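Worksheet: the structure to be examined is printed underneath.
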Amino acid sequence: MNVNQQADREVQSKSKTKKVLNILFKVFAAIVIVILLFVATVYTVNKISSYSEQKRMEPYGQHVSVDGKNMNVFIQGEGEETIVLLPGFGTASPALDFKPLISELSPYYKVVVVEPFGYGLSDQTDKERSTANIVSEIHEALQSLHIDRYILMGHSISGIYSLDYVNKYADEVSTYVGLDSSVPAISEQKVEASEIVPITWYRNLGFPRLQLKMSDDPYAGLPYDEQTKEQLNILIQKNMFNSTQLNEIVSMYSNFKAAEQLTFPVNLPVLFFVQKNHPAADNWVPEHEKLIENSVRGEVVLLEANHYLYRSHAKEIAEKFRGFMTQQ
């Protein structure tokens, strides 16, 4: 091979390499453009949909002033005894989500659903979501309504807050009822504030809407009318991953740790409704039993249900609860 032929081959090789790189660059650029267009479409659809949903949102309950902000409280029933219902973490609209249980309880009790900051129709807050702050805010809301003697009923994470609550306001709480409530011994994993940043971007870009579109309907086959389900879906879109709830996630681990030092007051009647077969924690039932081993009156009722047992077993819960109360 002479020098000229070798030079021609090198030129051809460089030309082919340049063409391949050019094609790869175009493919990469096309992929980037498609991704950007997809993100822009998700963002735009979410903005338009959110604006439309905001106009269709139907108010319920009443606002009370707490720490200079509005906290929403829903009240139904005129019974002599009062039940205060507290939601599990991330419940989009506690008042609507508890609707089947409220319907079963309100003919006999005054039922008060408190929607903490970041939930339902309540304002958001920048204040740390420590147990102390959450408990103080809920108590301030009840004080504003002159509710000073009641049965406290909490779902999921509210079980952790309730442990602190019943000790701080022992003279106000007559009975505690846990609805598959969290226990200190089975803690959530620690989440650092830096880990929340991607979730914030995820929310701001509108991806939760896409996520929910691709998920199963959590209210399918349950006793919720279509209007209620529509409002629930609107409020899920409004509140999912909001900054207040993300703050609560960061505070969750320390809240569980603080609760490890707490027990229920010995003389406080405690009734737990617990799912019989927890999908991840084999010690779910034993840890609930352990929490009331020193209680003068404590009972655990096992249900063939999932974590949101009040949605599917509202009638059974109400009947068991009423029986428990008449035996006191």
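Residue numbers start at 1 in each chain; chains themselves are named A, B, ... in the order of the structure tokens; ligands are numbered from 1 in the order shown.
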- request: Extract the full set of alpha helix (DSSP H) residues from stretch 103-286 of chain A according to DSSP on the backbone, and format it as a ChimeraX atom specification.
  value: /A:103-105,131-144,158-168,197-204,207-213,226-239,243-259,284-286
task: Tell me, as a ChimeraX atom specification, which residues lie within 10 Å of stretch 244-257 of chain A, counting only C-alpha atoms; anything in the same chain fewer than 2 positions away does not count.
output: /A:89-91,116-119,123-132,134,157,160-161,164,182-197,199-200,239-242,259-262
message: Rounded to one decimal, what separation in Å do you get between atom CA of A:Met325 and atom CA of A:Ala281?
response: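 The value is 29.5 Å.
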Separation of atom CA of A:Leu179 from atom CA of A:Phe273 in Å: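 One can read the atom CA of A:Phe273 to atom CA of A:Leu179 distance as 5.1 Å.
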task: Tell me which of A:Gln143, A:Ser65, A:Ser122, A:Asn22 sits closest to A:Lys238, counting only C-alpha atoms.
output: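 The answer is A:Ser122, which sits nearest to A:Lys238.
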message: Considering only C-alpha atoms, can you say which of A:Leu303, A:Leu271, A:Met153, A:Ala40 comes closest to A:Gly323?
response: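 Closest candidate: A:Leu271.
With only C-alpha atoms as the atoms that count, the residue of A:Asp67, A:Glu287, A:Glu80, A:Glu299 with the shortest distance to A:Ile151 is A:Glu80.
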Give me every strand (DSSP E) residue in stretch 124-202 of chain A, going by DSSP on the backbone, as a compact mmCIF listing (two decimals) with all heavy atoms, in the first residue's frame.
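Output file out.txt follows:
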```
# COMPACT_ATOMS: atom_id res chain seq x y z
N TYR A 150 -63.54 14.72 75.08
CA TYR A 150 -63.79 13.98 73.84
C TYR A 150 -63.06 12.64 73.82
O TYR A 150 -62.14 12.38 74.60
CB TYR A 150 -63.35 14.80 72.63
CG TYR A 150 -62.03 15.52 72.84
CD1 TYR A 150 -60.82 14.91 72.51
CD2 TYR A 150 -62.00 16.79 73.40
CE1 TYR A 150 -59.62 15.55 72.74
CE2 TYR A 150 -60.80 17.45 73.62
CZ TYR A 150 -59.61 16.82 73.29
OH TYR A 150 -58.41 17.47 73.53
N ILE A 151 -63.50 11.80 72.89
CA ILE A 151 -62.86 10.53 72.57
C ILE A 151 -61.93 10.82 71.39
O ILE A 151 -62.35 11.38 70.38
CB ILE A 151 -63.91 9.48 72.15
CG1 ILE A 151 -64.88 9.23 73.31
CG2 ILE A 151 -63.25 8.19 71.68
CD1 ILE A 151 -66.27 8.83 72.84
N LEU A 152 -60.67 10.45 71.50
CA LEU A 152 -59.71 10.69 70.43
C LEU A 152 -59.59 9.42 69.59
O LEU A 152 -59.37 8.32 70.12
CB LEU A 152 -58.35 11.06 71.01
CG LEU A 152 -57.33 11.68 70.04
CD1 LEU A 152 -57.85 13.00 69.48
CD2 LEU A 152 -55.99 11.89 70.75
N MET A 153 -59.76 9.56 68.28
CA MET A 153 -59.73 8.41 67.36
C MET A 153 -58.76 8.74 66.22
O MET A 153 -58.98 9.71 65.49
CB MET A 153 -61.14 8.15 66.82
CG MET A 153 -61.30 6.88 66.01
SD MET A 153 -63.03 6.59 65.46
CE MET A 153 -63.83 6.10 66.99
N GLY A 154 -57.68 7.97 66.10
CA GLY A 154 -56.66 8.31 65.11
C GLY A 154 -56.27 7.15 64.21
O GLY A 154 -56.18 6.00 64.65
N HIS A 155 -56.02 7.48 62.95
CA HIS A 155 -55.59 6.48 61.97
C HIS A 155 -54.08 6.61 61.71
O HIS A 155 -53.54 7.71 61.66
CB HIS A 155 -56.35 6.67 60.65
CG HIS A 155 -55.85 5.79 59.54
ND1 HIS A 155 -55.31 6.29 58.37
CD2 HIS A 155 -55.80 4.44 59.43
CE1 HIS A 155 -54.97 5.29 57.59
NE2 HIS A 155 -55.26 4.15 58.20
N VAL A 173 -59.11 13.93 77.23
CA VAL A 173 -59.37 12.72 76.45
C VAL A 173 -59.94 11.63 77.35
O VAL A 173 -59.30 11.20 78.31
CB VAL A 173 -58.09 12.22 75.76
CG1 VAL A 173 -58.40 10.97 74.92
CG2 VAL A 173 -57.48 13.30 74.89
N SER A 174 -61.16 11.18 77.04
CA SER A 174 -61.83 10.17 77.87
C SER A 174 -61.51 8.74 77.42
O SER A 174 -61.50 7.81 78.23
CB SER A 174 -63.35 10.38 77.83
OG SER A 174 -63.83 10.24 76.50
N THR A 175 -61.24 8.56 76.11
CA THR A 175 -60.95 7.23 75.55
C THR A 175 -60.10 7.43 74.30
O THR A 175 -60.23 8.44 73.61
CB THR A 175 -62.27 6.51 75.13
OG1 THR A 175 -63.09 6.37 76.28
CG2 THR A 175 -61.98 5.13 74.55
N TYR A 176 -59.23 6.46 74.02
CA TYR A 176 -58.48 6.51 72.77
C TYR A 176 -58.83 5.30 71.91
O TYR A 176 -58.87 4.17 72.39
CB TYR A 176 -56.97 6.54 72.98
CG TYR A 176 -56.25 6.54 71.65
CD1 TYR A 176 -56.28 7.67 70.84
CD2 TYR A 176 -55.62 5.40 71.17
CE1 TYR A 176 -55.68 7.67 69.59
CE2 TYR A 176 -55.02 5.38 69.92
CZ TYR A 176 -55.06 6.53 69.13
OH TYR A 176 -54.49 6.52 67.89
N VAL A 177 -59.07 5.56 70.61
CA VAL A 177 -59.36 4.51 69.64
C VAL A 177 -58.37 4.60 68.49
O VAL A 177 -58.25 5.64 67.84
CB VAL A 177 -60.80 4.62 69.09
CG1 VAL A 177 -61.07 3.49 68.11
CG2 VAL A 177 -61.81 4.61 70.23
N GLY A 178 -57.63 3.52 68.24
CA GLY A 178 -56.67 3.49 67.15
C GLY A 178 -57.22 2.75 65.94
O GLY A 178 -57.74 1.64 66.08
N LEU A 179 -57.13 3.35 64.79
CA LEU A 179 -57.57 2.74 63.54
C LEU A 179 -56.33 2.29 62.76
O LEU A 179 -55.75 3.05 61.99
CB LEU A 179 -58.41 3.72 62.71
CG LEU A 179 -59.65 4.31 63.41
CD1 LEU A 179 -60.26 5.42 62.57
CD2 LEU A 179 -60.67 3.21 63.69
```
A:Asn233, A:Lys213, A:Glu137, A:Gly61 ranked by distance to A:Ala92, top pick (using only C-alpha atoms): A:Asn233
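Each of A:Phe74, A:Trp201, A:Tyr169, A:Trp284 was checked against A:Ile102 using only C-alpha atoms; the smallest atom-to-atom distance is that of A:Phe74.
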message: Residues near A:Val114, anyone? I mean within 8 Å using only C-alpha atoms, not counting same-chain ones fewer than 6 positions away, as a list in words.
response: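 Near A:Val114, the qualifying residues are Met71, Asn72, Val73, Phe74, Val84, Leu85, Leu86, Pro87, Pro94, Ala95, Ile138 and Ala141 of chain A.
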- request: Fewer than 4 positions away in the same chain doesn't count, so skip those; otherwise give me all residues within 9 Å of A:Tyr109, counting only C-alpha atoms, as a ChimeraX atom specification.
  value: /A:76-83,105
Go ahead and dump the residues you just picked, N, CA, C and O atoms, as an mmCIF file, in the first residue's frame.
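After the write, again_35.cif holds the following:
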```
data_model
loop_
_atom_site.group_PDB
_atom_site.id
_atom_site.type_symbol
_atom_site.label_atom_id
_atom_site.label_comp_id
_atom_site.auth_asym_id
_atom_site.auth_seq_id
_atom_site.Cartn_x
_atom_site.Cartn_y
_atom_site.Cartn_z
ATOM 1 N N GLN A 76 -70.088 16.760 62.291
ATOM 2 C CA GLN A 76 -71.372 16.148 61.937
ATOM 3 C C GLN A 76 -71.890 15.371 63.142
ATOM 4 O O GLN A 76 -71.150 14.673 63.813
ATOM 5 N N GLY A 77 -73.197 15.489 63.404
ATOM 6 C CA GLY A 77 -73.809 14.783 64.524
ATOM 7 C C GLY A 77 -73.995 15.686 65.731
ATOM 8 O O GLY A 77 -73.297 16.686 65.889
ATOM 9 N N GLU A 78 -74.938 15.296 66.592
ATOM 10 C CA GLU A 78 -75.251 16.120 67.759
ATOM 11 C C GLU A 78 -75.309 15.298 69.037
ATOM 12 O O GLU A 78 -75.999 15.653 69.987
ATOM 13 N N GLY A 79 -74.588 14.204 69.067
ATOM 14 C CA GLY A 79 -74.581 13.357 70.260
ATOM 15 C C GLY A 79 -73.981 14.050 71.471
ATOM 16 O O GLY A 79 -73.257 15.041 71.338
ATOM 17 N N GLU A 80 -74.283 13.516 72.642
ATOM 18 C CA GLU A 80 -73.761 14.106 73.874
ATOM 19 C C GLU A 80 -72.251 13.947 73.971
ATOM 20 O O GLU A 80 -71.550 14.830 74.480
ATOM 21 N N GLU A 81 -71.726 12.814 73.500
ATOM 22 C CA GLU A 81 -70.286 12.595 73.528
ATOM 23 C C GLU A 81 -69.670 12.985 72.188
ATOM 24 O O GLU A 81 -70.299 12.844 71.133
ATOM 25 N N THR A 82 -68.428 13.455 72.239
ATOM 26 C CA THR A 82 -67.733 13.931 71.040
ATOM 27 C C THR A 82 -66.577 13.008 70.679
ATOM 28 O O THR A 82 -65.809 12.593 71.550
ATOM 29 N N ILE A 83 -66.471 12.699 69.392
ATOM 30 C CA ILE A 83 -65.333 11.953 68.860
ATOM 31 C C ILE A 83 -64.502 12.891 67.998
ATOM 32 O O ILE A 83 -65.035 13.566 67.112
ATOM 33 N N LEU A 105 -71.110 6.770 62.757
ATOM 34 C CA LEU A 105 -70.943 7.277 64.122
ATOM 35 C C LEU A 105 -71.821 8.487 64.449
ATOM 36 O O LEU A 105 -72.266 8.656 65.588
#
```
- request: Grab the atom CA of A:Val32 to atom CA of A:Asn46 distance for me, in Å with one decimal place.
  value: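 Going from atom CA of A:Val32 over to atom CA of A:Asn46, I get 21.0 Å.
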